[in-house]
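Written below as C-alpha cells is the structure these notes are about.
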Amino acid sequence: MLRLLSLVLFLAAPASLTAATPLAGRRPNIILIITDDQGWADLSCHGNPILKTPNLDRLHREGARFTDFQVSPTCAPTRSALLTGRHEFRNGVTHTIEERERLAPSAVTLADTLKAAGYATGIFGKWHLGDQPDYWPVKRGYSESFIHGAGGIGQSYPGSCGDAPGNSYFNPFILHNGTFEKTSGYCTDVFFSTAMKWMESIPPSQPFFTHIATNAPHAPLNVRPEDEARYKDKVPPQAAKFFGMIANIDDQVGRLLKWLADRSLERNTLVLFMNDNGGTAGIPTHSGGLRGTKGSPWQGGIRAASFWRWPGTISPADISAPAAHLDVFPTLAAIAAAPLSPAAQKQIEGRSLVPLLENPAAPWPDRTLVTHVGRWPRGKAADAKFHNCAIRNSRWKIVSTAPKSPGWQLFDLSSDPGEQSNVASSHPDVVQQLAAAYDSWWSSILPQLVNEDAPVTGENTFKTLFHQQFANPPQPR
C-alpha cells in the first residue's frame, strides 16, 4: 500500500518538484532521434519563418534545450563521436566514404554499454559506420538492426561503402538483422513504424534504447509529393522539397509522442532529439545568423539542436553551457545506471550533462572542443592539419581554413556568434593559447587514424549480399 501511495504521489507531483530528483540511475526508456543534414536553423522554434515543425517545437518547449551544442561537420564523424564519447578521429573516422567511415572495432559504444546494463537496444535507419558485417550494429551493441547502407539510401562508392543497388526512399530495401527486407512506404515513415513495432515487443519490465536515425532530409531530395506541396511556391524548389522532408519527420515525431502517451510511457521515457551537422538546402531561406554550412568548421556547420524531453523529471529550460555530442554517451550511461567498463572510462572524453539537466545553472568548468572537417586525400593527413579546423572554449574560437599552414582567425562567440569579426590581432594571447592546445590535440590523434591505409577495392558489401539473397527481388510486404 505504501509503495502504491508513493507511486501516486510521484505521478501527481508537479514538474518543478520532480525535476529536483536526481537523474542518475533512473533507468528510463531512451529514444534517440537524429536527423540527417537538417541544420540548427531548420526548425520553426529556432526562428525559421517558413518551415513549420510543431512536434519538434513541442520537444523544444517541453524539454531541456542545450543552446550551445556542437557536433561534427559531417555525417559519419558525428555518429562516431556520439556513440563513443570521443572525437571521431580517435575512432579512425576521418571521412564519410573510402573505408574511412568505419568505426574502429576496438571502440566501446553507447549501445554496448546499455545492452550490458540490461537494455534492449535497436537502431532504425542510418548507420554509416561501416557496411561490412564486422562493422554492423549487431556487432556494436544493438540487438535489433534495421538499416540502409552507406551514408544515404541508394548511395554507392568504391570499396565497401554502398547501399542495396537501385534503392529508393520509397519502398526501400532495408537490411534487418542481416537479411534484406522489401518495405512499403516512405523511408522516414518506415523507420518510425518499425521502431514502434519493435518497442511494442519489449517486455514492460525491460527498458529500451531506441535509436531512430532518419535518412531525410539528406539529398537527393526525394520527398512525398504531398509534403513538397506544403512549401511549393513559398521557397525555391529545392528548399520546398527539403522542408517537406523535415515536415514529414515532424509528423512522425508527433506520431511517436502520441504512441508514448497512449501507452502511458511518457513519464518513463527520455526522448532526445538532435541533428547531425550543419544545414544544407535550407540555408538560403534561413541560416539563423550562423556562418557556414555542412562540411565547414564555422558555427553553421557544427551547431546543432539538442532537446531532452522527460515529462515530470526534466524541467523545460534553456541550458547555455557549451555541450557536445561527446557528452551524450556518459550522460545516458549515468541516467541508465549503466556501468562504464575500464575501456569505456579510458575512451570517453565527453562529460556527463546530468548536473546541467538537474540544474541549468550548475557549475560547468571551461573546456576546449575541437572541430576538423577531415576528408583530406588519402595518405595526406600530414598536410591537412590546418585545413578547415577550429578549436574553441566557452567564449573564444579560432578557425583556420588554410591548406597547409595555420591561418588562425579569432572570434568572440559571446558577442559574435555569427563569426563576422576576426579579432586575432587584438588578442594574440588567446590565439596562442588555443593554437597550442590544438597542436597538442593533433599530435595525440595521429596514431589513432586507423583507417587511412585501408584498401578501397571490390564491390559494395550491401550490393554483394543483395545479389546473393535475391535472384528476383520480392514485392513490398
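As shown in the C-alpha cells, the chain order sets the letters A, B, ...; within each chain, residues go from 1, and ligands are also counted from 1 in the order they appear.
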Extract, using only C-alpha atoms, all DNA, RNA and protein residues at most 12 Å from Ser414 in chain A, discarding same-chain residues fewer than 5 positions from it, and format them as a compact mmCIF listing (two decimals) with C-alpha atoms, in the first residue's frame.
# COMPACT_ATOMS: atom_id res chain seq x y z
CA ASP A 68 25.30 25.87 -27.43
CA SER A 320 23.70 27.76 -22.16
CA ALA A 321 26.79 25.81 -21.08
CA PRO A 322 28.83 24.56 -24.06
CA ARG A 392 37.05 26.75 -29.02
CA ASN A 393 36.32 27.27 -25.35
CA SER A 394 33.24 28.79 -23.78
CA ARG A 395 34.00 32.25 -25.21
CA TRP A 396 36.68 32.14 -27.88
CA LYS A 397 37.07 30.21 -31.13
CA GLU A 419 31.68 34.82 -36.58
(message) Applying 7 Å and only C-alpha atoms, which residues near Ala120 in chain A remain after dropping the ones on its own chain fewer than 5 positions away? List them as an MDAnalysis selection string.
(response) chainID A and resid 115 143 206:209
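Across range 411-477 of chain A, DSSP run on the backbone finds alpha helix (DSSP H) at Pro428, Asp429, Val430, Val431, Gln432, Gln433, Leu434, Ala435, Ala436, Ala437, Tyr438, Asp439, Ser440, Trp441, Trp442, Ser443, Ser444, Ile445, Thr461, Phe462, Lys463, Thr464, Leu465, Phe466, His467, Gln468 and Gln469 of chain A.
Closest to Gly458 in chain A among A:Ser193, A:Thr368, A:Gln132, A:Ser415 is A:Gln132, based on only C-alpha atoms.
Of the residues listed (A:Pro225, A:Gly350, A:Pro417, A:Pro363), A:Pro225 shows the shortest atom-to-atom separation from Phe170 in chain A; distances use only C-alpha atoms.
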Within 12 Å of range 262-274 of chain A, which residues of range 57-145 of chain A come that close, and what is the closest atom pair and distance in Å for each? Count only C-alpha atoms and give it as a tab-separated table.
residue	atom	partner	partner_atom	distance
A:Asp57	CA	A:Phe273	CA	10.7
A:Arg58	CA	A:Phe273	CA	11.1
A:Leu59	CA	A:Phe273	CA	7.8
A:His60	CA	A:Phe273	CA	8.9
A:Glu62	CA	A:Val271	CA	10.7
A:Gly63	CA	A:Val271	CA	8.9
A:Ala64	CA	A:Leu272	CA	9.6
A:Arg65	CA	A:Phe273	CA	9.9
A:Phe66	CA	A:Met274	CA	10.2
A:Thr67	CA	A:Met274	CA	11.7
A:Phe69	CA	A:Met274	CA	9.4
A:Gln70	CA	A:Met274	CA	10.3
A:Val71	CA	A:Met274	CA	9.4
A:Thr78	CA	A:Met274	CA	10.8
A:Arg79	CA	A:Met274	CA	11.2
A:Leu82	CA	A:Met274	CA	10.7
Which range 156-254 of chain A residues have any atom within 9 Å of an atom of range 277-290 of chain A, and for each, what is the nearest pair of atoms with distance in Å to one decimal, counting only C-alpha atoms, rows sorted by chain and number, as a Markdown table?
| residue | atom | partner | partner_atom | distance |
| --- | --- | --- | --- | --- |
| A:His218 | CA | A:Thr280 | CA | 8.6 |
| A:Ala219 | CA | A:Ala281 | CA | 8.8 |
| A:Val235 | CA | A:Thr285 | CA | 7.3 |
| A:Pro236 | CA | A:Thr285 | CA | 8.5 |
| A:Gln238 | CA | A:Ala281 | CA | 6.6 |
| A:Ala239 | CA | A:Ala281 | CA | 5.5 |
| A:Ala240 | CA | A:Gly282 | CA | 8.8 |
| A:Lys241 | CA | A:Ala281 | CA | 8.9 |
| A:Phe242 | CA | A:Ala281 | CA | 6.4 |
| A:Phe243 | CA | A:Gly282 | CA | 7.3 |
Save out the residues we just selected, C-alpha atoms, as a PDB file, in the first residue's frame.
ATOM      1  CA  HIS A 218      19.671  14.248 -46.901  1.00  0.00           C
ATOM      2  CA  ALA A 219      19.937  14.737 -50.661  1.00  0.00           C
ATOM      3  CA  VAL A 235      10.513  28.956 -51.191  1.00  0.00           C
ATOM      4  CA  PRO A 236      12.789  27.872 -54.074  1.00  0.00           C
ATOM      5  CA  GLN A 238      14.925  22.603 -53.673  1.00  0.00           C
ATOM      6  CA  ALA A 239      14.057  24.212 -50.357  1.00  0.00           C
ATOM      7  CA  ALA A 240      10.415  23.179 -50.794  1.00  0.00           C
ATOM      8  CA  LYS A 241      11.498  19.552 -51.135  1.00  0.00           C
ATOM      9  CA  PHE A 242      13.891  19.858 -48.193  1.00  0.00           C
ATOM     10  CA  PHE A 243      11.309  21.494 -45.933  1.00  0.00           C
TER      11      PHE A 243
END
Neighbours of Ala76 in chain A within 6 Å (only C-alpha atoms; same-chain residues fewer than 4 positions away dropped), as a PDB file with C-alpha atoms, in the first residue's frame?
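Once written, selection_32.pdb looks like this:
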ATOM      1  CA  THR A  96      32.198   9.517 -44.944  1.00  0.00           C
ATOM      2  CA  GLU A 101      33.797   5.973 -42.273  1.00  0.00           C
ATOM      3  CA  HIS A 128      27.083   4.923 -41.675  1.00  0.00           C
TER       4      HIS A 128
END
In Å and to one decimal, CA of Ala323 in chain A is distant from CA of Leu353 in chain A by 7.9 Å
### Query
Which residues come within 6 Å of Gly292 in chain A, counting only C-alpha atoms, excluding same-chain residues fewer than 2 positions away, as number ranges by chain?
A: 298, 300-301
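Between CA of Ile50 in chain A and CA of Gly418 in chain A lies a distance of 21.1 Å.
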Leaving out Arg90 in chain A and any residue of its chain fewer than 4 positions from it, which residues lie within 10 Å of it when counting only C-alpha atoms, given as a tab-separated table (two decimals) with N, CA and C atoms, in the first residue's frame?
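Result written to out-v3.tsv:
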chain	number	residue	atom	x	y	z
A	80	SER	N	29.96	8.71	-35.07
A	80	SER	CA	31.07	8.06	-34.38
A	80	SER	C	31.31	8.69	-33.01
A	81	ALA	N	31.38	10.01	-32.95
A	81	ALA	CA	31.61	10.70	-31.68
A	81	ALA	C	30.44	10.50	-30.72
A	84	THR	N	30.57	6.97	-29.11
A	84	THR	CA	31.76	6.58	-28.35
A	84	THR	C	32.18	7.58	-27.29
A	86	ARG	N	33.97	10.19	-27.79
A	86	ARG	CA	35.28	10.77	-28.08
A	86	ARG	C	35.32	11.27	-29.51
A	94	THR	N	37.56	9.64	-40.45
A	94	THR	CA	38.03	10.92	-40.98
A	94	THR	C	37.31	11.33	-42.26
A	103	LEU	N	33.84	2.64	-38.02
A	103	LEU	CA	34.13	2.82	-36.60
A	103	LEU	C	35.11	1.75	-36.14
A	104	ALA	N	36.21	2.17	-35.54
A	104	ALA	CA	37.25	1.23	-35.10
A	104	ALA	C	36.65	0.11	-34.26
A	107	ALA	N	36.58	0.30	-30.37
A	107	ALA	CA	35.80	1.30	-29.65
A	107	ALA	C	34.63	0.65	-28.91
A	347	GLN	N	38.28	5.67	-22.69
A	347	GLN	CA	37.95	6.19	-24.02
A	347	GLN	C	37.21	7.52	-23.99
A	444	SER	N	48.22	14.09	-30.71
A	444	SER	CA	47.67	12.93	-30.00
A	444	SER	C	46.79	12.05	-30.87
A	445	ILE	N	46.20	12.61	-31.93
A	445	ILE	CA	45.25	11.80	-32.72
A	445	ILE	C	45.93	11.03	-33.85
A	446	LEU	N	47.12	11.44	-34.25
A	446	LEU	CA	47.75	10.82	-35.41
A	446	LEU	C	47.88	9.30	-35.28
A	447	PRO	N	48.26	8.76	-34.13
A	447	PRO	CA	48.37	7.29	-34.04
A	447	PRO	C	47.03	6.56	-34.10
A	448	GLN	N	45.92	7.28	-33.99
A	448	GLN	CA	44.61	6.64	-33.95
A	448	GLN	C	43.86	6.68	-35.28
A	449	LEU	N	44.50	7.16	-36.33
A	449	LEU	CA	43.87	7.24	-37.64
A	449	LEU	C	43.99	5.87	-38.34
A	450	VAL	N	43.25	4.91	-37.83
A	450	VAL	CA	43.48	3.50	-38.19
A	450	VAL	C	42.94	3.12	-39.57
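Put simply, CA of Gly244 in chain A is 23.7 Å away from CA of Asp163 in chain A.
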Among A:Ala261, A:Ile147, A:Ala213, A:Cys161, Asn177 in chain A is approached most closely, using only C-alpha atoms, by A:Ile147
Using only C-alpha atoms, the best pick from A:His372, A:Tyr438, A:Gly379, A:Arg291 as closest to Phe411 in chain A would be A:Arg291
Original post:
How would you write, as a PyMOL selection string, the set of residues in range 175-225 of chain A that DSSP gives as strand (DSSP E)?
Top reply: chain A and resi 175-176+179-182+208-213
